[in-house]
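What follows is a short report on a single structure.
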Amino acid sequence: MNDTLTSDVIGRRVEVNGEHATVHFSGIVPPVAGLWLGVEWDNPERGKHDGSHEGTVYFKCRHPTGGSFIRPNKVNFGVDFLTAVKNRYVLEDGPEEDVNEQIVIIGKKPVEAIGFDSIIKQQSQLSKLQEISLRNCAVNCAGDRGTIAKACPNIRKVDLSRNLLSSWDEVLDIADQLKHLEVLNLSENKLRFPSGSSSRTGTFPALKVLVLNRTGITWAEVLRCASGWPVLEELYLTSNDLFISERPADVLQMVKLLDLSSNQLIDENQLLLIAYLPRLEQLILSDIGISSIHFPDAGTGHKTSMFPSLQYLVVNDNQISQWPFINELDKLQSLHALSCIRNPLTEGSKEAQTTRQLIIAKIGQLKTLNKCEILPEERRGAELDYRKAFGNEWKKAGGHQDPDKNRPHEEFLRAHPRYQLLCLKYGAPEDGELQTQQPFLLKNQLLTLKVKYPNHVDQRVLEKQLPDSMTIQKVKGLLARLLKVPVSELLLSYESPKMPGREIELENDQQSLQFYSVESGDCLLVRW
């Protein structure tokens, strides 16, 4: 880049020794002669000043050390899309002896063409490409009009993250030539997006996945451009300082996954603006600082009409510290999977298993928690333990074994919205069950159990006292010694008088008796 730069470099994205920046100034900076570029670094620690020199302000930076003056010959302005593709994907020509000579007739004159096969091979290579990654390849524009469509007509997936694209128009110039484009990643490009209603927003007729992480896009710009994404299913918008300012109207209606992680300005009221996206199945809200949520259209024990299709919610790395947040999630009519790790509510407890049980008991339709499947026996155990743990509180609030007298007050029902349902499912807790407070704390309680052998009726029925924290593996070891049978041959299950006719397998050797909700009076069934 020579010293005849003009003002059209202003706003361009550049790369210097692996660091990216935006040009804000081009000109003379006295007293040193020659042309200088004033740049603002993406990494403000890379700079030296705020765009001022000896009292004169040449450009402005958001950070006091975000700016530098650099000579143009030190700056990489990047390459066009097709050049980057060829640099990365076209094979080098073979040795000279492999190069074929052909006679090509041009008009009536025979012309010797050396390397003709090589050119055809390169063109064939590019035309077959369907997925390309040009991450960090200094792409800055589309290049000559029509060249991408001619060379790479079949591309469906493009990674253009961390390049030198500076505006949405440059993206459109590329995408307009990729009619089959389904996946586009533009992360870490500091882009200028359309600002007015008459601006060019473009159309991506086949685009299903769009990644705009760390691009500086605003919510208004998302909605303005979204009319050009008619079939978009996944939209990633992390780390953009987004503030959701308005409800999507006739856009984003096909979106199934929305990632808003690491946008610290988003709060629960803003989330209600996206609550009626009809096909939204996955919502990722990690690290947005949220601590509470409320669905105002649904009272205690009722389902909300908001987020009607939401099946998977991620709220990791937030400030959730109160159980009402979890209670509200039970109002979501389609929620089947939840991830909520690294929150005060889940990290502060010494008993991680206890917290897991409480969440399972509080959200009735949940099938997966923190990427771990909730098996039927785990749900049953969690709900039975929850029912026992808060039984005394339920009685004090007006709960009663007699359905006609069972009227707990509103404060209890708000704190435990599913408790009445659990009483209907398993029966109201009896006084004898409530003598031990919080039985789910996994303390070493002794269980009195009968031991039977369905396949060996000649064996005498035993009665054993075992701690409820004892693992199935240790129970098998004890029985193997008593019966003189190899541990590997033993199969355990149990029956409960509370569920006559039902047998529950104890299939996970690493889990405890308490995990399977084995209680005093139950019967262990041993087979080999």
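Identifiers in this document derive from the order of the structure tokens: chains are assigned A, B, ..., residues are numbered from 1 separately in each chain, and ligands are numbered from 1 in order of occurrence.
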_Can you pull out the residues contacting stretch 486-499 of chain A? Cut-off 10 Å, using only C-alpha atoms, and skip same-chain residues under 3 positions away; I want them as a VMD selection string._
chain A and resid 426 to 427 449 to 453 472 to 481 483 502 to 509 516 to 528
Residues near A:Glu40, cut-off 9 Å, only C-alpha atoms, skip fewer than 4 positions along chain, as a PDB file with all heavy atoms, in the first residue's frame:
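And here's part15.pdb as it stands now:
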```pdb
ATOM      1  N   HIS A  20      -6.144  -7.142  14.681  1.00  0.00           N
ATOM      2  CA  HIS A  20      -7.099  -6.479  13.793  1.00  0.00           C
ATOM      3  C   HIS A  20      -7.440  -5.080  14.303  1.00  0.00           C
ATOM      4  O   HIS A  20      -7.453  -4.836  15.516  1.00  0.00           O
ATOM      5  CB  HIS A  20      -8.381  -7.308  13.696  1.00  0.00           C
ATOM      6  CG  HIS A  20      -8.208  -8.544  12.860  1.00  0.00           C
ATOM      7  ND1 HIS A  20      -9.259  -9.304  12.424  1.00  0.00           N
ATOM      8  CD2 HIS A  20      -7.094  -9.149  12.372  1.00  0.00           C
ATOM      9  CE1 HIS A  20      -8.812 -10.325  11.713  1.00  0.00           C
ATOM     10  NE2 HIS A  20      -7.494 -10.246  11.672  1.00  0.00           N
ATOM     11  N   ALA A  21      -7.734  -4.193  13.349  1.00  0.00           N
ATOM     12  CA  ALA A  21      -8.047  -2.807  13.702  1.00  0.00           C
ATOM     13  C   ALA A  21      -8.941  -2.199  12.630  1.00  0.00           C
ATOM     14  O   ALA A  21      -9.134  -2.776  11.548  1.00  0.00           O
ATOM     15  CB  ALA A  21      -6.761  -1.995  13.842  1.00  0.00           C
ATOM     16  N   THR A  22      -9.461  -1.001  12.932  1.00  0.00           N
ATOM     17  CA  THR A  22     -10.291  -0.244  11.984  1.00  0.00           C
ATOM     18  C   THR A  22      -9.608   1.090  11.710  1.00  0.00           C
ATOM     19  O   THR A  22      -9.173   1.780  12.635  1.00  0.00           O
ATOM     20  CB  THR A  22     -11.697   0.002  12.562  1.00  0.00           C
ATOM     21  OG1 THR A  22     -12.297  -1.258  12.869  1.00  0.00           O
ATOM     22  CG2 THR A  22     -12.572   0.734  11.560  1.00  0.00           C
ATOM     23  N   VAL A  23      -9.530   1.446  10.431  1.00  0.00           N
ATOM     24  CA  VAL A  23      -8.892   2.720  10.047  1.00  0.00           C
ATOM     25  C   VAL A  23      -9.872   3.869  10.283  1.00  0.00           C
ATOM     26  O   VAL A  23     -10.990   3.863   9.768  1.00  0.00           O
ATOM     27  CB  VAL A  23      -8.450   2.692   8.577  1.00  0.00           C
ATOM     28  CG1 VAL A  23      -7.816   4.028   8.189  1.00  0.00           C
ATOM     29  CG2 VAL A  23      -7.479   1.546   8.323  1.00  0.00           C
ATOM     30  N   HIS A  24      -9.425   4.873  11.046  1.00  0.00           N
ATOM     31  CA  HIS A  24     -10.253   6.053  11.315  1.00  0.00           C
ATOM     32  C   HIS A  24      -9.641   7.337  10.767  1.00  0.00           C
ATOM     33  O   HIS A  24     -10.299   8.384  10.753  1.00  0.00           O
ATOM     34  CB  HIS A  24     -10.471   6.223  12.823  1.00  0.00           C
ATOM     35  CG  HIS A  24     -11.361   5.180  13.433  1.00  0.00           C
ATOM     36  ND1 HIS A  24     -12.562   4.800  12.871  1.00  0.00           N
ATOM     37  CD2 HIS A  24     -11.228   4.438  14.570  1.00  0.00           C
ATOM     38  CE1 HIS A  24     -13.133   3.868  13.633  1.00  0.00           C
ATOM     39  NE2 HIS A  24     -12.339   3.627  14.660  1.00  0.00           N
ATOM     40  N   PRO A  44      -7.648  -3.122  22.828  1.00  0.00           N
ATOM     41  CA  PRO A  44      -7.174  -1.778  23.198  1.00  0.00           C
ATOM     42  C   PRO A  44      -5.803  -1.777  23.852  1.00  0.00           C
ATOM     43  O   PRO A  44      -5.112  -0.752  23.847  1.00  0.00           O
ATOM     44  CB  PRO A  44      -8.252  -1.280  24.167  1.00  0.00           C
ATOM     45  CG  PRO A  44      -8.943  -2.505  24.665  1.00  0.00           C
ATOM     46  CD  PRO A  44      -8.880  -3.499  23.539  1.00  0.00           C
ATOM     47  N   GLY A  47      -2.793  -0.632  21.619  1.00  0.00           N
ATOM     48  CA  GLY A  47      -2.572   0.755  21.228  1.00  0.00           C
ATOM     49  C   GLY A  47      -1.737   1.553  22.208  1.00  0.00           C
ATOM     50  O   GLY A  47      -1.243   1.036  23.210  1.00  0.00           O
ATOM     51  N   ASP A  50      -5.415   7.711  22.449  1.00  0.00           N
ATOM     52  CA  ASP A  50      -6.845   7.759  22.129  1.00  0.00           C
ATOM     53  C   ASP A  50      -7.131   8.419  20.787  1.00  0.00           C
ATOM     54  O   ASP A  50      -8.264   8.827  20.508  1.00  0.00           O
ATOM     55  CB  ASP A  50      -7.611   8.501  23.233  1.00  0.00           C
ATOM     56  CG  ASP A  50      -7.169   9.955  23.373  1.00  0.00           C
ATOM     57  OD1 ASP A  50      -6.207  10.364  22.667  1.00  0.00           O
ATOM     58  OD2 ASP A  50      -7.775  10.680  24.179  1.00  0.00           O
ATOM     59  N   GLY A  51      -6.097   8.541  19.922  1.00  0.00           N
ATOM     60  CA  GLY A  51      -6.276   9.177  18.621  1.00  0.00           C
ATOM     61  C   GLY A  51      -5.739  10.599  18.579  1.00  0.00           C
ATOM     62  O   GLY A  51      -5.844  11.278  17.559  1.00  0.00           O
ATOM     63  N   PHE A  59      -8.421  11.388  15.491  1.00  0.00           N
ATOM     64  CA  PHE A  59      -9.593  10.501  15.478  1.00  0.00           C
ATOM     65  C   PHE A  59      -9.901  10.142  16.928  1.00  0.00           C
ATOM     66  O   PHE A  59      -9.118  10.455  17.837  1.00  0.00           O
ATOM     67  CB  PHE A  59      -9.344   9.247  14.627  1.00  0.00           C
ATOM     68  CG  PHE A  59      -8.231   8.355  15.106  1.00  0.00           C
ATOM     69  CD1 PHE A  59      -8.515   7.211  15.857  1.00  0.00           C
ATOM     70  CD2 PHE A  59      -6.900   8.631  14.802  1.00  0.00           C
ATOM     71  CE1 PHE A  59      -7.492   6.382  16.294  1.00  0.00           C
ATOM     72  CE2 PHE A  59      -5.875   7.793  15.231  1.00  0.00           C
ATOM     73  CZ  PHE A  59      -6.169   6.672  15.986  1.00  0.00           C
ATOM     74  N   LYS A  60     -11.040   9.518  17.152  1.00  0.00           N
ATOM     75  CA  LYS A  60     -11.466   9.186  18.511  1.00  0.00           C
ATOM     76  C   LYS A  60     -11.555   7.675  18.696  1.00  0.00           C
ATOM     77  O   LYS A  60     -11.931   6.952  17.780  1.00  0.00           O
ATOM     78  CB  LYS A  60     -12.816   9.825  18.822  1.00  0.00           C
ATOM     79  CG  LYS A  60     -12.753  11.345  18.909  1.00  0.00           C
ATOM     80  CD  LYS A  60     -14.110  11.932  19.294  1.00  0.00           C
ATOM     81  CE  LYS A  60     -14.016  13.461  19.408  1.00  0.00           C
ATOM     82  NZ  LYS A  60     -15.322  14.047  19.786  1.00  0.00           N
ATOM     83  N   CYS A  61     -11.209   7.240  19.894  1.00  0.00           N
ATOM     84  CA  CYS A  61     -11.285   5.823  20.257  1.00  0.00           C
ATOM     85  C   CYS A  61     -12.210   5.645  21.464  1.00  0.00           C
ATOM     86  O   CYS A  61     -12.374   6.556  22.281  1.00  0.00           O
ATOM     87  CB  CYS A  61      -9.899   5.286  20.624  1.00  0.00           C
ATOM     88  SG  CYS A  61      -8.729   5.231  19.267  1.00  0.00           S
ATOM     89  N   ARG A  62     -12.744   4.458  21.585  1.00  0.00           N
ATOM     90  CA  ARG A  62     -13.596   4.155  22.743  1.00  0.00           C
ATOM     91  C   ARG A  62     -12.762   3.907  23.993  1.00  0.00           C
ATOM     92  O   ARG A  62     -13.264   3.998  25.106  1.00  0.00           O
ATOM     93  CB  ARG A  62     -14.459   2.934  22.442  1.00  0.00           C
ATOM     94  CG  ARG A  62     -15.593   3.201  21.454  1.00  0.00           C
ATOM     95  CD  ARG A  62     -16.203   1.918  20.931  1.00  0.00           C
ATOM     96  NE  ARG A  62     -15.259   1.202  20.088  1.00  0.00           N
ATOM     97  CZ  ARG A  62     -15.549   0.079  19.445  1.00  0.00           C
ATOM     98  NH1 ARG A  62     -16.744  -0.450  19.557  1.00  0.00           N
ATOM     99  NH2 ARG A  62     -14.641  -0.511  18.690  1.00  0.00           N
ATOM    100  N   HIS A  63     -11.492   3.572  23.815  1.00  0.00           N
ATOM    101  CA  HIS A  63     -10.606   3.272  24.938  1.00  0.00           C
ATOM    102  C   HIS A  63      -9.414   4.225  24.890  1.00  0.00           C
ATOM    103  O   HIS A  63      -8.899   4.529  23.802  1.00  0.00           O
ATOM    104  CB  HIS A  63     -10.126   1.817  24.842  1.00  0.00           C
ATOM    105  CG  HIS A  63      -9.476   1.307  26.073  1.00  0.00           C
ATOM    106  ND1 HIS A  63      -8.154   1.561  26.365  1.00  0.00           N
ATOM    107  CD2 HIS A  63      -9.948   0.568  27.111  1.00  0.00           C
ATOM    108  CE1 HIS A  63      -7.835   0.998  27.508  1.00  0.00           C
ATOM    109  NE2 HIS A  63      -8.906   0.381  27.994  1.00  0.00           N
ATOM    110  N   THR A  65      -6.367   3.872  25.380  1.00  0.00           N
ATOM    111  CA  THR A  65      -5.142   3.341  24.751  1.00  0.00           C
ATOM    112  C   THR A  65      -5.480   2.490  23.532  1.00  0.00           C
ATOM    113  O   THR A  65      -4.740   1.574  23.183  1.00  0.00           O
ATOM    114  CB  THR A  65      -4.332   2.502  25.758  1.00  0.00           C
ATOM    115  OG1 THR A  65      -5.132   1.376  26.180  1.00  0.00           O
ATOM    116  CG2 THR A  65      -3.932   3.327  26.960  1.00  0.00           C
ATOM    117  N   GLY A  66      -6.598   2.774  22.875  1.00  0.00           N
ATOM    118  CA  GLY A  66      -7.037   1.941  21.754  1.00  0.00           C
ATOM    119  C   GLY A  66      -6.474   2.320  20.405  1.00  0.00           C
ATOM    120  O   GLY A  66      -6.682   1.610  19.421  1.00  0.00           O
ATOM    121  N   GLY A  67      -5.727   3.452  20.308  1.00  0.00           N
ATOM    122  CA  GLY A  67      -5.312   3.953  19.004  1.00  0.00           C
ATOM    123  C   GLY A  67      -3.819   3.906  18.750  1.00  0.00           C
ATOM    124  O   GLY A  67      -3.006   3.876  19.672  1.00  0.00           O
ATOM    125  N   SER A  68      -3.488   3.910  17.458  1.00  0.00           N
ATOM    126  CA  SER A  68      -2.080   3.984  17.030  1.00  0.00           C
ATOM    127  C   SER A  68      -2.016   4.664  15.660  1.00  0.00           C
ATOM    128  O   SER A  68      -2.994   4.668  14.903  1.00  0.00           O
ATOM    129  CB  SER A  68      -1.447   2.589  16.915  1.00  0.00           C
ATOM    130  OG  SER A  68      -1.321   1.953  18.156  1.00  0.00           O
TER     131      SER A  68
END
```
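Taking atom CA of A:Glu383 as the reference point, atom CA of A:Leu422 is found at 6.9 Å.
Nearest residue to A:Leu35 among A:Tyr312, A:Tyr58, A:Trp323, A:Phe69 is A:Phe69, counting only C-alpha atoms.
Among the candidates A:Met254, A:Leu129, A:Leu329, A:Ala138, the residue lying nearest to A:Asp80 is A:Ala138 (atoms considered: only C-alpha atoms).
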